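Chemist: One structure, pasted below without further comment.
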Amino acid sequence: MRYVSTRGHAEPQSFLQILLGGLASDGGLYVPERYPAISRDELASWRGLSYAELAFALLSRFAPDIPPPDLKNLVARTYTPTVFCHTRPGENAGDITPVRALEPGLYILALSNGPTLAFKDMAMQLLGQLFEYTLARTGQTLNILGATSGDTGSAAEYAMRGKRGIRVFMLSPHGAMTPFQRAQMYSLNEPNIHNLAVRGSFDACQDIVKAVSNDLAFKARYHIGAVNSINWGRIAAQVVYYFKAYLAVVEEIGQEVSFSVPSGNFGNVCAGHIARMMGLPIRRLIVATNENDVLDEFFKTGRYAPRAQTVPTSSPSMDISKASNFERMIFDAVDRDAARIRELWARVDRGEGITLAASEFARVKGFGFVSGRSTHANRIATIRKVFERYGQMIDPHTADGVKVGLEYREAGVPLICLETALPAKFEDTIREALGRAPERPADLADLESRPQRVEVVEADVEVVKQYIAAHV
Ligand SMILES: *Cc1c(COP(=O)(O)O)cnc(C)c1O
């Protein structure tokens, strides 16, 4: 299995070769040269597998350059009930991603049982193991520099805490995160985790990360890397739970199901697209956006026009104006014509909109994609409805997925809505919807009162560089 760039001008690479990197050298994204095909018989034979066993079966197709015993060991250490400890009482803790029926044919896929209560743990926890493994083999070290407005940074820190050869320097906007998010990150006391609260906005944090990454000499000298959402390892890890949910829901292998996915950077639903390309019988991939609806516009019209502005919403992890993984799916939509991607993304990279040709857009539709958008009022109403009707509390992002998913529900086709975070992370919105605080996992009851460790710094590239230089 080799990986090729969507822009066609980079050398094909193996899984381990692209694991620590970001974009390909030609600016494209790595994708498998062809998707591994999973037959019906094979799918049927996977029914009784544990999450870790299924992850091994699938990931060994994507990463044949990792010796199988090593890969088996890595996934077994990742997908355990100790790491994914937030399943509910009464659920089989070994399921890792339980499927909850709201009513016959309508399901929530619980993906947020990891340490940071969001689905990003599903991939990031594996990445932590994979990074430590590959760095140890090559004797390298890695200093991960990132910017976060909340979820991604904490998922990265919980995945990399205590890992040998890895340090994390995470920039967050000083005073802008919720008390829960702050406590989650700043209460980590591992010496390899460095939280820098920047006196500035999230954009200011991101600009600093970009500026440091553009200083190639500094980047090379201090082994600076990232764990952003275009990382192929994250996408590959996410393919697994589509298969797991399918096997949990269907009575007969071959029957079709639909998935509804709260979307931002298009990483989660891109994994669903890949699962479908591998042969998983998926009827529809329902892309749900919030008020930042650049993806909804695309799936309705064929026009993709990244926005200059992102509006802050009550499903903040979907507040994006440009979907960084989108190019991977479009590569398939243009029948893997890298020259066409170069032509289209020359415009996207300049901030201009693009419109697919009719035949290309027809392929997108053939992949099963449909979409919809949700607003604050929809979100509140959906949280309320699901709580009143089914007694289940869902978070604002999951609510966007349920709202849009129900608009496309079809008789006889199971609808699986992906839960991307637990409600405990978004207390204000839950209070607005339900007039009460969200349930919180018992192990996090005292989170905000734990000692916190954070360095407050000015929004200044040199200050951040000096901090890194002094702490490696
Ligand atoms: C990251 C995130 C999303 C969006 O996922 P993408 O892979 O970026 O599309 C949705 N919901 C929550 C809670 C998230 O943290």
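Each chain in the structure tokens gets a letter, A, B, ..., in the order shown, and its residues are numbered from 1; ligands are numbered from 1 in order too.
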Extract the full set of alpha helix (DSSP H) residues from range 8-136 of chain A according to DSSP on the backbone, and format it as an MDAnalysis selection string.

Modeler: chainID A and resid 15:19 40:45 51:62 68:78 120:136

Chemist: Restricted to C-alpha atoms, what would the selected residues look like written as a tab-separated table (two decimals), in the first residue's frame?

Modeler:
chain	number	residue	atom	x	y	z
A	15	PHE	CA	2.09	4.71	5.89
A	16	LEU	CA	4.97	5.25	8.33
A	17	GLN	CA	6.63	7.71	5.94
A	18	ILE	CA	3.60	10.01	5.95
A	19	LEU	CA	2.59	9.45	9.57
A	40	ARG	CA	-19.14	-9.38	1.93
A	41	ASP	CA	-17.75	-12.65	3.29
A	42	GLU	CA	-14.92	-10.90	5.01
A	43	LEU	CA	-17.29	-8.32	6.46
A	44	ALA	CA	-19.52	-11.11	7.75
A	45	SER	CA	-16.53	-12.82	9.37
A	51	TYR	CA	-13.07	-2.98	18.61
A	52	ALA	CA	-9.30	-3.56	18.82
A	53	GLU	CA	-9.50	-6.70	16.67
A	54	LEU	CA	-11.56	-4.90	14.03
A	55	ALA	CA	-9.16	-1.95	14.13
A	56	PHE	CA	-6.29	-4.35	13.53
A	57	ALA	CA	-8.09	-6.06	10.63
A	58	LEU	CA	-8.70	-2.72	8.89
A	59	LEU	CA	-5.55	-0.81	9.79
A	60	SER	CA	-3.28	-3.67	8.71
A	61	ARG	CA	-4.61	-2.95	5.19
A	62	PHE	CA	-3.63	0.69	5.47
A	68	PRO	CA	1.51	-7.11	12.33
A	69	PRO	CA	2.43	-8.09	15.92
A	70	ASP	CA	3.45	-4.48	16.60
A	71	LEU	CA	0.25	-3.05	15.10
A	72	LYS	CA	-1.85	-5.54	17.03
A	73	ASN	CA	-0.14	-4.47	20.22
A	74	LEU	CA	-0.60	-0.75	19.46
A	75	VAL	CA	-4.34	-0.99	18.80
A	76	ALA	CA	-4.83	-3.32	21.78
A	77	ARG	CA	-3.25	-0.72	24.03
A	78	THR	CA	-5.35	2.07	22.50
A	120	LYS	CA	-11.35	13.14	18.31
A	121	ASP	CA	-9.98	10.82	21.01
A	122	MET	CA	-10.84	7.85	18.76
A	123	ALA	CA	-8.08	8.78	16.32
A	124	MET	CA	-5.80	10.87	18.49
A	125	GLN	CA	-5.27	8.13	21.09
A	126	LEU	CA	-4.06	5.80	18.35
A	127	LEU	CA	-1.85	8.54	16.92
A	128	GLY	CA	-0.18	8.93	20.33
A	129	GLN	CA	0.75	5.23	20.29
A	130	LEU	CA	1.83	5.30	16.62
A	131	PHE	CA	3.97	8.42	17.06
A	132	GLU	CA	5.77	7.03	20.12
A	133	TYR	CA	6.33	3.73	18.30
A	134	THR	CA	7.80	5.19	15.14
A	135	LEU	CA	9.93	7.81	16.94
A	136	ALA	CA	11.43	5.10	19.17

Chemist: Around ligand 1, at most 6 Å away and counting only C-alpha atoms and all ligand atoms, which residues are there? Put them as an MDAnalysis selection string, please.

Modeler: chainID A and resid 118 151 262:268 317:318 397 420:421

Chemist: Dump N, CA and C atoms for the selected residues as an mmCIF file, in the first residue's frame?

Modeler:
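Result file again_3.cif:
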data_model
loop_
_atom_site.group_PDB
_atom_site.id
_atom_site.type_symbol
_atom_site.label_atom_id
_atom_site.label_comp_id
_atom_site.auth_asym_id
_atom_site.auth_seq_id
_atom_site.Cartn_x
_atom_site.Cartn_y
_atom_site.Cartn_z
ATOM 1 N N ALA A 118 -14.766 13.698 23.507
ATOM 2 C CA ALA A 118 -15.100 14.038 22.117
ATOM 3 C C ALA A 118 -14.566 12.951 21.191
ATOM 4 N N ASP A 151 -11.313 21.706 21.647
ATOM 5 C CA ASP A 151 -11.352 20.246 21.535
ATOM 6 C C ASP A 151 -10.079 19.595 21.009
ATOM 7 N N PRO A 262 -21.948 15.220 11.997
ATOM 8 C CA PRO A 262 -21.700 16.647 12.254
ATOM 9 C C PRO A 262 -20.322 17.006 11.707
ATOM 10 N N SER A 263 -20.249 17.967 10.789
ATOM 11 C CA SER A 263 -19.001 18.137 10.043
ATOM 12 C C SER A 263 -18.415 19.532 10.152
ATOM 13 N N GLY A 264 -17.080 19.567 10.160
ATOM 14 C CA GLY A 264 -16.340 20.823 10.158
ATOM 15 C C GLY A 264 -15.244 20.740 9.112
ATOM 16 N N ASN A 265 -14.138 20.110 9.483
ATOM 17 C CA ASN A 265 -13.023 19.970 8.548
ATOM 18 C C ASN A 265 -13.156 18.773 7.618
ATOM 19 N N PHE A 266 -14.289 18.098 7.657
ATOM 20 C CA PHE A 266 -14.584 17.002 6.734
ATOM 21 C C PHE A 266 -13.715 15.770 7.001
ATOM 22 N N GLY A 267 -13.146 15.671 8.212
ATOM 23 C CA GLY A 267 -12.316 14.506 8.512
ATOM 24 C C GLY A 267 -13.170 13.293 8.848
ATOM 25 N N ASN A 268 -14.158 13.490 9.695
ATOM 26 C CA ASN A 268 -14.997 12.395 10.151
ATOM 27 C C ASN A 268 -15.768 11.779 8.975
ATOM 28 N N SER A 317 -17.076 23.500 17.527
ATOM 29 C CA SER A 317 -16.073 22.660 16.862
ATOM 30 C C SER A 317 -16.375 22.470 15.380
ATOM 31 N N MET A 318 -17.502 22.983 14.922
ATOM 32 C CA MET A 318 -17.828 22.929 13.498
ATOM 33 C C MET A 318 -17.743 24.318 12.864
ATOM 34 N N HIS A 397 -23.300 19.566 18.935
ATOM 35 C CA HIS A 397 -22.822 19.098 17.620
ATOM 36 C C HIS A 397 -23.611 17.872 17.170
ATOM 37 N N THR A 420 -20.491 13.284 18.449
ATOM 38 C CA THR A 420 -19.108 13.757 18.362
ATOM 39 C C THR A 420 -18.587 14.353 19.663
ATOM 40 N N ALA A 421 -19.445 14.584 20.647
ATOM 41 C CA ALA A 421 -18.972 15.039 21.963
ATOM 42 C C ALA A 421 -20.033 14.710 22.992
#

Chemist: I'd like to know which residues of range 222-306 of chain A are strand (DSSP E) (by DSSP, run on the backbone); could you write them as a list in words?

Modeler: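 Those in range 222-306 of chain A that DSSP calls strand (DSSP E) are Ile224, Gly225, Val257, Ser258, Phe259, Ser260, Val261, Pro262, Ile282, Arg283, Arg284, Leu285, Ile286, Val287, Ala288, Thr289, Arg303 and Tyr304 of chain A.
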
Chemist: Can you list every residue of range 135-236 of chain A that has an atom at most 10 Å from range 431-446 of chain A, with its nearest atom pair and the distance in Å to one decimal, using only C-alpha atoms, ordered by chain then number, as a tab-separated table?

Modeler:
residue	atom	partner	partner_atom	distance
A:Phe180	CA	A:Leu444	CA	9.7
A:Ala183	CA	A:Asp446	CA	9.8
A:Gln184	CA	A:Leu444	CA	9.1

Chemist: What does the file look like for those residues with N, CA, C and O atoms, as a PDB file, in the first residue's frame?

Modeler:
ATOM      1  N   PHE A 180     -14.483  24.495  31.772  1.00  0.00           N
ATOM      2  CA  PHE A 180     -14.273  23.054  31.633  1.00  0.00           C
ATOM      3  C   PHE A 180     -13.095  22.771  30.708  1.00  0.00           C
ATOM      4  O   PHE A 180     -12.192  21.987  31.023  1.00  0.00           O
ATOM      5  N   ALA A 183      -9.796  23.804  32.305  1.00  0.00           N
ATOM      6  CA  ALA A 183      -9.385  22.869  33.354  1.00  0.00           C
ATOM      7  C   ALA A 183      -8.890  21.558  32.748  1.00  0.00           C
ATOM      8  O   ALA A 183      -7.926  20.962  33.213  1.00  0.00           O
ATOM      9  N   GLN A 184      -9.558  21.133  31.683  1.00  0.00           N
ATOM     10  CA  GLN A 184      -9.175  19.885  31.034  1.00  0.00           C
ATOM     11  C   GLN A 184      -7.716  19.930  30.581  1.00  0.00           C
ATOM     12  O   GLN A 184      -6.942  19.017  30.820  1.00  0.00           O
TER      13      GLN A 184
END

Chemist: So which residues touch range 466-471 of chain A within 10 Å, counting only C-alpha atoms, skipping near sequence neighbours fewer than 5 positions away, as a list in words?

Modeler: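 Listing them by chain and then by number gives Asn143, Leu145, Arg167, Val168, Phe169, Pro191, Asn192, His194, Leu196, Phe218, Arg221, Tyr222, Ile224, Glu455, Val457 and Val461 of chain A.
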
Chemist: For the selection just defined, write its residues with all heavy atoms to a file, as a CSV table (one decimal), in the first residue's frame.

Modeler:
chain,number,residue,atom,x,y,z
A,143,ASN,N,8.5,17.7,18.5
A,143,ASN,CA,7.9,18.7,19.3
A,143,ASN,C,6.6,19.2,18.6
A,143,ASN,O,6.7,19.9,17.5
A,143,ASN,CB,8.8,19.9,19.5
A,143,ASN,CG,10.0,19.4,20.4
A,143,ASN,OD1,9.8,18.9,21.5
A,143,ASN,ND2,11.2,19.6,19.9
A,145,LEU,N,3.6,21.4,17.8
A,145,LEU,CA,3.1,22.8,18.1
A,145,LEU,C,1.7,22.9,17.5
A,145,LEU,O,1.5,22.6,16.3
A,145,LEU,CB,4.1,23.8,17.4
A,145,LEU,CG,3.7,25.2,17.5
A,145,LEU,CD1,3.7,25.7,18.9
A,145,LEU,CD2,4.6,26.1,16.6
A,167,ARG,N,7.0,16.1,22.8
A,167,ARG,CA,6.6,17.2,23.6
A,167,ARG,C,5.4,17.9,22.9
A,167,ARG,O,5.4,18.0,21.7
A,167,ARG,CB,7.7,18.2,23.9
A,167,ARG,CG,8.8,17.7,24.8
A,167,ARG,CD,9.8,18.9,25.1
A,167,ARG,NE,11.0,18.3,25.5
A,167,ARG,CZ,12.0,17.9,24.7
A,167,ARG,NH1,11.9,18.1,23.4
A,167,ARG,NH2,13.1,17.3,25.2
A,168,VAL,N,4.5,18.5,23.7
A,168,VAL,CA,3.4,19.2,23.1
A,168,VAL,C,3.5,20.7,23.5
A,168,VAL,O,3.6,20.9,24.7
A,168,VAL,CB,2.1,18.6,23.4
A,168,VAL,CG1,0.9,19.5,22.8
A,168,VAL,CG2,2.0,17.2,23.0
A,169,PHE,N,3.5,21.6,22.6
A,169,PHE,CA,3.4,23.0,22.9
A,169,PHE,C,2.0,23.5,22.3
A,169,PHE,O,1.9,23.6,21.1
A,169,PHE,CB,4.5,23.8,22.3
A,169,PHE,CG,5.9,23.4,22.9
A,169,PHE,CD1,6.6,22.4,22.3
A,169,PHE,CD2,6.4,24.0,24.0
A,169,PHE,CE1,7.8,22.0,22.8
A,169,PHE,CE2,7.6,23.7,24.5
A,169,PHE,CZ,8.3,22.6,24.0
A,191,PRO,N,5.3,16.5,32.4
A,191,PRO,CA,6.3,17.4,32.0
A,191,PRO,C,6.4,17.6,30.5
A,191,PRO,O,7.0,18.6,30.1
A,191,PRO,CB,7.6,16.9,32.6
A,191,PRO,CG,7.3,15.5,33.1
A,191,PRO,CD,5.9,15.3,33.2
A,192,ASN,N,5.9,16.7,29.7
A,192,ASN,CA,6.0,16.9,28.2
A,192,ASN,C,4.9,17.7,27.6
A,192,ASN,O,4.8,17.8,26.4
A,192,ASN,CB,6.2,15.5,27.5
A,192,ASN,CG,4.9,14.7,27.5
A,192,ASN,OD1,4.1,14.8,28.4
A,192,ASN,ND2,4.7,14.0,26.4
A,194,HIS,N,3.0,21.3,27.4
A,194,HIS,CA,3.2,22.8,27.7
A,194,HIS,C,2.0,23.5,27.2
A,194,HIS,O,1.8,23.6,26.0
A,194,HIS,CB,4.5,23.3,27.0
A,194,HIS,CG,5.7,22.6,27.5
A,194,HIS,ND1,6.4,23.0,28.6
A,194,HIS,CD2,6.4,21.5,27.0
A,194,HIS,CE1,7.5,22.2,28.8
A,194,HIS,NE2,7.5,21.3,27.9
A,196,LEU,N,0.4,27.1,26.6
A,196,LEU,CA,0.7,28.5,26.5
A,196,LEU,C,-0.6,29.3,26.2
A,196,LEU,O,-1.2,29.1,25.2
A,196,LEU,CB,1.7,28.8,25.4
A,196,LEU,CG,3.0,28.1,25.5
A,196,LEU,CD1,3.9,28.4,24.3
A,196,LEU,CD2,3.7,28.5,26.8
A,218,PHE,N,14.2,27.0,12.0
A,218,PHE,CA,13.7,26.8,13.3
A,218,PHE,C,13.0,25.4,13.4
A,218,PHE,O,13.2,24.6,14.3
A,218,PHE,CB,12.8,27.9,13.8
A,218,PHE,CG,12.4,27.8,15.2
A,218,PHE,CD1,13.1,28.4,16.3
A,218,PHE,CD2,11.2,27.1,15.6
A,218,PHE,CE1,12.7,28.3,17.6
A,218,PHE,CE2,10.8,27.0,16.9
A,218,PHE,CZ,11.6,27.6,17.9
A,221,ARG,N,15.5,22.6,13.2
A,221,ARG,CA,16.4,22.5,14.4
A,221,ARG,C,15.6,22.0,15.6
A,221,ARG,O,16.2,21.2,16.3
A,221,ARG,CB,16.9,23.9,14.7
A,221,ARG,CG,17.7,24.0,15.9
A,221,ARG,CD,18.6,25.2,16.0
A,221,ARG,NE,19.3,25.2,17.2
A,221,ARG,CZ,19.8,26.2,17.9
A,221,ARG,NH1,19.6,27.4,17.4
A,221,ARG,NH2,20.4,26.1,19.0
A,222,TYR,N,14.4,22.4,15.7
A,222,TYR,CA,13.6,21.9,16.9
A,222,TYR,C,12.6,20.8,16.6
A,222,TYR,O,11.7,20.5,17.5
A,222,TYR,CB,13.0,23.2,17.6
A,222,TYR,CG,14.0,24.1,18.2
A,222,TYR,CD1,14.3,25.3,17.5
A,222,TYR,CD2,14.6,23.8,19.4
A,222,TYR,CE1,15.3,26.1,18.1
A,222,TYR,CE2,15.6,24.6,19.9
A,222,TYR,CZ,15.9,25.8,19.3
A,222,TYR,OH,16.9,26.6,19.8
A,224,ILE,N,9.9,20.5,14.8
A,224,ILE,CA,8.5,20.9,15.0
A,224,ILE,C,7.6,20.1,14.1
A,224,ILE,O,7.8,20.0,12.9
A,224,ILE,CB,8.4,22.4,14.7
A,224,ILE,CG1,9.3,23.3,15.6
A,224,ILE,CG2,6.9,22.9,14.9
A,224,ILE,CD1,9.0,23.3,17.0
A,455,GLU,N,1.2,28.8,31.1
A,455,GLU,CA,2.1,30.0,30.9
A,455,GLU,C,1.4,31.0,30.1
A,455,GLU,O,1.0,30.7,29.0
A,455,GLU,CB,3.4,29.5,30.2
A,455,GLU,CG,4.5,30.5,30.1
A,455,GLU,CD,5.3,30.4,31.4
A,455,GLU,OE1,5.3,29.4,32.1
A,455,GLU,OE2,6.0,31.5,31.7
A,457,VAL,N,1.4,34.1,27.8
A,457,VAL,CA,2.4,34.8,27.0
A,457,VAL,C,1.7,35.8,26.1
A,457,VAL,O,0.5,35.7,25.7
A,457,VAL,CB,3.2,33.8,26.1
A,457,VAL,CG1,4.0,32.8,27.0
A,457,VAL,CG2,2.3,33.1,25.1
A,461,VAL,N,5.4,35.9,18.1
A,461,VAL,CA,6.1,34.7,17.6
A,461,VAL,C,7.5,34.5,18.3
A,461,VAL,O,7.8,33.4,18.6
A,461,VAL,CB,6.4,34.9,16.0
A,461,VAL,CG1,7.1,33.7,15.5
A,461,VAL,CG2,5.1,35.1,15.3

Chemist: If we count only C-alpha atoms and set the cut-off at 12 Å, which residues sit around Ala110 in chain A, ignoring sequence neighbours fewer than 2 positions away in its own chain? Please answer as a ChimeraX atom specification.

Modeler: /A:84,86-88,91,93,95-101,107-108,112-114,117-119,122,241-242,244-245,392-395,398,416-423

Chemist: How would the residues just picked look written out with N, CA, C and O atoms as a compact mmCIF listing (two decimals), in the first residue's frame?

Modeler:
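Here's the written file selection07.txt:
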# COMPACT_ATOMS: atom_id res chain seq x y z
N PHE A 84 -11.08 4.40 27.06
CA PHE A 84 -12.42 4.87 26.66
C PHE A 84 -13.39 4.49 27.79
O PHE A 84 -14.20 3.58 27.68
N HIS A 86 -15.72 6.26 29.42
CA HIS A 86 -16.94 7.01 29.70
C HIS A 86 -18.21 6.42 29.09
O HIS A 86 -19.18 7.13 28.88
N THR A 87 -18.18 5.12 28.78
CA THR A 87 -19.44 4.47 28.39
C THR A 87 -20.37 4.49 29.61
O THR A 87 -19.93 4.69 30.74
N ARG A 88 -21.66 4.29 29.35
CA ARG A 88 -22.62 4.44 30.46
C ARG A 88 -22.76 3.16 31.26
O ARG A 88 -22.51 2.08 30.74
N GLU A 91 -23.82 -0.40 29.91
CA GLU A 91 -23.30 -0.70 28.57
C GLU A 91 -22.08 -1.61 28.71
O GLU A 91 -21.37 -1.55 29.72
N ALA A 93 -18.62 -2.14 28.51
CA ALA A 93 -17.51 -1.19 28.44
C ALA A 93 -16.51 -1.57 27.34
O ALA A 93 -15.86 -0.71 26.77
N ASP A 95 -17.16 -2.39 24.44
CA ASP A 95 -17.64 -1.98 23.11
C ASP A 95 -16.89 -0.78 22.55
O ASP A 95 -16.89 -0.55 21.35
N ILE A 96 -16.33 0.05 23.41
CA ILE A 96 -15.62 1.27 23.03
C ILE A 96 -16.55 2.28 22.37
O ILE A 96 -16.62 3.44 22.77
N THR A 97 -17.29 1.85 21.34
CA THR A 97 -18.24 2.75 20.65
C THR A 97 -19.63 2.11 20.62
O THR A 97 -20.08 1.65 19.58
N PRO A 98 -20.33 2.08 21.75
CA PRO A 98 -21.66 1.46 21.76
C PRO A 98 -22.63 2.18 20.82
O PRO A 98 -22.49 3.39 20.59
N VAL A 99 -23.56 1.42 20.28
CA VAL A 99 -24.63 2.01 19.47
C VAL A 99 -25.89 2.03 20.33
O VAL A 99 -26.27 1.01 20.90
N ARG A 100 -26.51 3.21 20.47
CA ARG A 100 -27.71 3.34 21.30
C ARG A 100 -28.93 3.54 20.42
O ARG A 100 -28.95 4.49 19.62
N ALA A 101 -29.92 2.69 20.57
CA ALA A 101 -31.14 2.86 19.78
C ALA A 101 -32.01 3.92 20.47
O ALA A 101 -32.29 3.82 21.66
N TYR A 107 -30.41 5.45 15.52
CA TYR A 107 -29.35 5.14 16.48
C TYR A 107 -28.41 6.32 16.69
O TYR A 107 -28.20 7.13 15.79
N ILE A 108 -27.83 6.34 17.89
CA ILE A 108 -26.70 7.23 18.18
C ILE A 108 -25.47 6.35 18.29
O ILE A 108 -25.47 5.35 19.03
N SER A 112 -17.71 9.28 21.98
CA SER A 112 -17.09 10.29 22.83
C SER A 112 -16.77 9.77 24.21
O SER A 112 -16.90 10.49 25.20
N ASN A 113 -16.34 8.53 24.28
CA ASN A 113 -16.09 7.90 25.58
C ASN A 113 -14.63 7.98 26.02
O ASN A 113 -14.24 7.41 27.02
N GLY A 114 -13.83 8.69 25.25
CA GLY A 114 -12.41 8.82 25.57
C GLY A 114 -12.17 9.88 26.64
O GLY A 114 -13.11 10.47 27.18
N LEU A 117 -13.81 13.42 26.13
CA LEU A 117 -15.26 13.43 25.87
C LEU A 117 -15.64 13.91 24.48
O LEU A 117 -16.72 14.49 24.28
N ALA A 118 -14.77 13.70 23.51
CA ALA A 118 -15.10 14.04 22.12
C ALA A 118 -14.57 12.95 21.19
O ALA A 118 -13.61 12.24 21.53
N PHE A 119 -15.16 12.84 20.01
CA PHE A 119 -14.80 11.74 19.10
C PHE A 119 -13.34 11.82 18.65
O PHE A 119 -12.78 10.84 18.20
N MET A 122 -10.86 9.14 19.47
CA MET A 122 -10.84 7.85 18.76
C MET A 122 -9.59 7.73 17.90
O MET A 122 -8.95 6.69 17.84
N TYR A 241 -14.75 2.84 13.05
CA TYR A 241 -16.04 2.84 13.74
C TYR A 241 -17.23 2.83 12.79
O TYR A 241 -18.33 2.47 13.21
N TYR A 242 -17.04 3.18 11.53
CA TYR A 242 -18.14 3.00 10.58
C TYR A 242 -18.43 1.51 10.40
O TYR A 242 -19.58 1.07 10.36
N LYS A 244 -17.65 -0.84 12.58
CA LYS A 244 -18.12 -1.38 13.87
C LYS A 244 -19.62 -1.11 14.03
O LYS A 244 -20.38 -2.00 14.42
N ALA A 245 -20.03 0.11 13.70
CA ALA A 245 -21.45 0.47 13.86
C ALA A 245 -22.32 -0.33 12.89
O ALA A 245 -23.41 -0.78 13.24
N GLN A 392 -32.58 10.88 26.36
CA GLN A 392 -31.13 10.91 26.11
C GLN A 392 -30.66 12.35 25.96
O GLN A 392 -31.27 13.14 25.25
N MET A 393 -29.55 12.66 26.64
CA MET A 393 -28.98 14.00 26.52
C MET A 393 -27.92 13.97 25.43
O MET A 393 -27.02 13.12 25.48
N ILE A 394 -28.02 14.87 24.45
CA ILE A 394 -26.99 14.93 23.39
C ILE A 394 -26.37 16.32 23.36
O ILE A 394 -26.98 17.30 23.78
N ASP A 395 -25.16 16.38 22.88
CA ASP A 395 -24.42 17.65 22.84
C ASP A 395 -24.85 18.46 21.61
O ASP A 395 -25.52 17.93 20.71
N THR A 398 -23.78 16.94 18.12
CA THR A 398 -24.57 15.75 17.81
C THR A 398 -25.99 16.16 17.42
O THR A 398 -26.60 15.56 16.53
N ILE A 416 -27.87 6.04 11.43
CA ILE A 416 -26.92 6.08 12.55
C ILE A 416 -26.34 7.50 12.65
O ILE A 416 -25.68 7.97 11.71
N CYS A 417 -26.64 8.18 13.76
CA CYS A 417 -26.15 9.55 13.96
C CYS A 417 -24.90 9.51 14.83
O CYS A 417 -24.94 8.96 15.95
N LEU A 418 -23.82 10.08 14.34
CA LEU A 418 -22.57 10.04 15.08
C LEU A 418 -22.57 11.07 16.21
O LEU A 418 -22.83 12.25 15.97
N GLU A 419 -22.27 10.60 17.41
CA GLU A 419 -22.14 11.50 18.56
C GLU A 419 -20.70 11.98 18.62
O GLU A 419 -19.79 11.18 18.82
N THR A 420 -20.49 13.28 18.45
CA THR A 420 -19.11 13.76 18.36
C THR A 420 -18.59 14.35 19.66
O THR A 420 -17.39 14.63 19.76
N ALA A 421 -19.45 14.58 20.65
CA ALA A 421 -18.97 15.04 21.96
C ALA A 421 -20.03 14.71 22.99
O ALA A 421 -21.20 14.46 22.65
N LEU A 422 -19.63 14.72 24.27
CA LEU A 422 -20.61 14.55 25.34
C LEU A 422 -21.15 15.92 25.76
O LEU A 422 -20.44 16.93 25.70
N PRO A 423 -22.41 15.96 26.21
CA PRO A 423 -23.02 17.23 26.61
C PRO A 423 -22.27 17.94 27.73
O PRO A 423 -22.32 19.18 27.81

Chemist: Which residue, A:Met277, A:Val348, A:Ala24, A:Ile286, has the smallest gap to Ala308 in chain A when you use only C-alpha atoms?

Modeler: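 The closest residue to Ala308 in chain A is A:Val348.
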
Chemist: Grab the CA of Ile380 in chain A to CA of Val287 in chain A distance for me, in Å with one decimal place.

Modeler: 19.0 Å

Chemist: Kindly indicate which residue among A:Thr6, A:Gly22, A:Glu410, A:Pro451 lies nearest to Ala333 in chain A, using only C-alpha atoms for the distances.

Modeler: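 Smallest distance to Ala333 in chain A is found for A:Thr6.
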
Chemist: As an exercise, work out the distance from CA of Ser50 in chain A to CA of Gly94 in chain A in Å and give it to one decimal place.

Modeler: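 Straight-line distance from CA of Ser50 in chain A to CA of Gly94 in chain A works out to 7.5 Å.
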
Chemist: Between CA of Arg284 in chain A and CA of Tyr408 in chain A, measure the distance and give it in Å to one decimal.

Modeler: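 Computing it gives 8.7 Å between the two atoms.
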
Chemist: Which residue out of A:Ser229, A:Asn378, A:Ser25, A:Ser201 has the minimum interatomic distance to Asn325 in chain A when only C-alpha atoms are used?

Modeler: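 Of all the options, A:Ser229 lies closest to Asn325 in chain A.
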
Chemist: Using only C-alpha atoms, which protein or nucleic acid residues come within 8 Å of Leu247 in chain A? Drop anything in the same chain fewer than 3 positions from it, and give the result as a list of chain:residue names.

Modeler: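 Within the cut-off, the hits are A:Trp46, A:Arg47, A:Phe243, A:Lys244, A:Val250, A:Ile253.
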